[in-house]
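Single-structure report; data block below.
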Amino acid sequence: MSDTAEQAAEEAHGRAACEAGEPAEEAGELATEAGEPAAEESAAMLRYERRRVAHRAAGRVLSRTSALATVRERLALLDSAGDVYDLDEPADIYGNGVVEALEERTAGLLGMEAAAFFPTGTMAQQVALRCWAARTGNPTVALHALAHPEMHERHAFSQVSGLRPVRLASEPRMPTADEVRGLDEPFGTLMLELPLREAGFVLPSWEELTEVVEAARERDAVVHFDGARLWESTTHFGRPVDEIAGLADSVYVSFYKSLDAYAGAAIAGPRTLVDEAKAWRHRYGGRLFHQFPTALSALLGLERELPRLPEYVRHARVVAAALREGFAAAGAPWARVHPEEPHTNEFQVWLPYDVDVVAEAAIRQGEQTDALLFARPWDRGGPGLAVTEVEVRAAALEWTAEDVRRAVADFVALVEKVAGE
């Protein structure tokens, strides 16, 4: 999502705190715009701090996020690390030990020959795609205009890796097989983000996905899945994750976006590709001396969060329906939940108000009612339009549809009050 004043302030806070706890994609996209008035920055920082305090103080939060947790709370995640790995084993050194255990587990889950752990997804995908470029002899990567590398990585493909991105589509939907076949220049790799976050965490149908992959094969291109949130896509496709991953030549997965790990990502694919990726990982500075805290948190996520993701997706559909019903009953002039039936456990909410109005109302709800309905920042979706993202995880399972509808009524009342001030 694009920049807002509050998000810019959030980024400033994240830089000052060494990015402790903020999701990488948010930290990467929230750069303060040049020339932004200091007063606006100050007001936005204040609102961010109020949102953080409200998130901590509220008794009930629909989308409780580790991005706003304390260091103590995040460290507590490792209290039970002994359940997933023998803590009397030697600590990892430059990628062995627990890191190798995580790689083997990931490769097995995805049905791939091997996997390589990376500290960030940005590094992981650059490495995988430059390896494919060397194999195909073509550095051109076909991808959606809203894909993460195009939106949030400061042109890293071209600036760092010598890759050349070309855009298949720009509309907020997945690219089609006809667009792949009709691209008017050759490309070595087709990159598909599953789900496409910026379009509302949307996924194609299984038939559409297989047709897109086949279209790339017809053009002698390899297929790479940006599967940062692939783990929660199984419910929509009605297939296990290894069958989904098996359509591609390589897959990137994240360990913190869905699984609540501290950070980290993996590339999975043919062993020869993964071996080369590990060499490039070293060249890119990703061969860290110790990574056991992150690797352990990822193993815990695979053990505990991964089995629960289908439940989160199912409840996201309950929450989305209750939000629509709540806004209609509260007399909101217009509201949209996108997609109407979420494809994953995350989706967007659009409202016809100025972003500052709804952001203030969201914080006041947490401050005044002990229930925080919208914990994430709001963004400008256009003149008089505000959009935010909702993530359904364990905390949201405590909310019934009626709880959501009541919270929507309180929120709309606060919106009207703020708008009238």
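Every chain in the structure tokens has a letter given in the order shown (A, B, ...), and although residue numbers restart at 1 in each chain, ligands are simply numbered from 1 in the order shown.
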
>> Can you pull out the residues contacting Tyr252 (chain A)? Cut-off 12 Å, using only C-alpha atoms, and skip same-chain residues under 3 positions away; I want them as a PyMOL selection string.
In response: chain A and resi 106-107+110+112+115-118+120-129+191-194+223-231+245+248-249+255+264-269+274+277

> Between A:Ala394, A:His236, A:Ile363, A:Gln291, which has the minimum distance to Asn96 (chain A) (counting only C-alpha atoms)?
Replying inline: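 Closest to Asn96 (chain A) of all the choices is A:Gln291.
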
> Residues at most 8 Å from region 333-335 of chain A, counting only C-alpha atoms, excluding those fewer than 5 positions away in the same chain, as a list in words?
Replying inline: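 The neighbour list is Arg324, Phe327, Ala328, Val349, Trp350, Leu351 and Pro352 of chain A.
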
> Any idea what's packed within 10 Å of Gly382 (chain A), counting only C-alpha atoms, ignoring anything in its chain fewer than 5 positions away? Could you give it as a VMD selection string?
Replying inline: chain A and resid 352 to 355 387

>> So that I can see what lies close to Ala169 (chain A), please list as a PyMOL selection string the residues with an atom at most 9 Å from it, counting only C-alpha atoms and leaving out residues fewer than 2 positions away in the same chain.
In response: chain A and resi 143-146+167+171-176+179

Expected file contents, prior selection, C-alpha atoms, as a CSV table (one decimal), in the first residue's frame:
chain,number,residue,atom,x,y,z
A,143,LEU,CA,5.4,-9.8,-13.5
A,144,HIS,CA,2.4,-7.8,-12.4
A,145,ALA,CA,2.8,-4.0,-11.9
A,146,LEU,CA,1.5,-4.4,-8.4
A,167,ARG,CA,4.8,-5.6,-16.6
A,171,GLU,CA,-5.2,-3.8,-13.1
A,172,PRO,CA,-5.8,-5.0,-9.5
A,173,ARG,CA,-6.2,-8.7,-10.4
A,174,MET,CA,-4.1,-11.6,-11.3
A,175,PRO,CA,-2.5,-11.7,-14.8
A,176,THR,CA,-4.2,-14.0,-17.4
A,179,GLU,CA,-1.6,-11.6,-21.2

>> Write out as a PyMOL selection string the set of residues from region 222-277 of chain A that DSSP, computed on the backbone, places in alpha helix (DSSP H).
In response: chain A and resi 234-237+241-245+271-277

> Which one is closest to Cys131 (chain A): A:Leu273, A:Leu196, A:Ala221, A:Val160? Count only C-alpha atoms.
Replying inline: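 Counting only C-alpha atoms, the residue closest to Cys131 (chain A) is A:Leu273.
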
> Mind pulling up the distance from CA of Gly301 (chain A) to CA of Leu259 (chain A)?
Replying inline: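 These two atoms are separated by 4.5 Å.
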
> In region 122-364 of chain A, what's strand (DSSP E or B) per DSSP? Answer as a ChimeraX atom specification?
Replying inline: /A:140-143,164-167,189-193,196,202,222-227,250-254,265-269,336-338,346-351

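Going from CA of Ala43 (chain A) over to CA of Ala362 (chain A), you cover 15.7 Å.
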
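One finds CA of Ala114 (chain A) at 11.0 Å from CA of Lys278 (chain A).
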
>> When you look at Thr369 (chain A) with a cut-off of 9 Å (counting only C-alpha atoms), what residues show up, excluding the ones that are within fewer than 2 positions of it in the same chain? I need them as a list in words.
In response: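 Selected residues are Ala58, Arg364, Gln365, Gly366, Glu367, Ala371, Leu372, Ala407 and Asp410 of chain A.
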
>> Could you list, as a list in words, every residue within 8 Å of Arg64 (chain A), counting only C-alpha atoms and ignoring same-chain residues fewer than 6 positions away?
In response: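 The residues that qualify are His55, Ala375, Arg393, Ala395 and Ala396 of chain A.
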
Dump as a short mmCIF file (atom, residue, chain, number, x, y, z; two decimals), in the first residue's frame, selection limited to C-alpha atoms:
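This is the output file result_6.cif:
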data_model
loop_
_atom_site.label_atom_id
_atom_site.label_comp_id
_atom_site.auth_asym_id
_atom_site.auth_seq_id
_atom_site.Cartn_x
_atom_site.Cartn_y
_atom_site.Cartn_z
CA HIS A 55 -3.36 -1.80 20.46
CA ALA A 375 -5.32 -2.13 14.03
CA ARG A 393 -5.52 -14.89 13.08
CA ALA A 395 -7.07 -13.22 18.25
CA ALA A 396 -9.86 -12.81 15.70
#
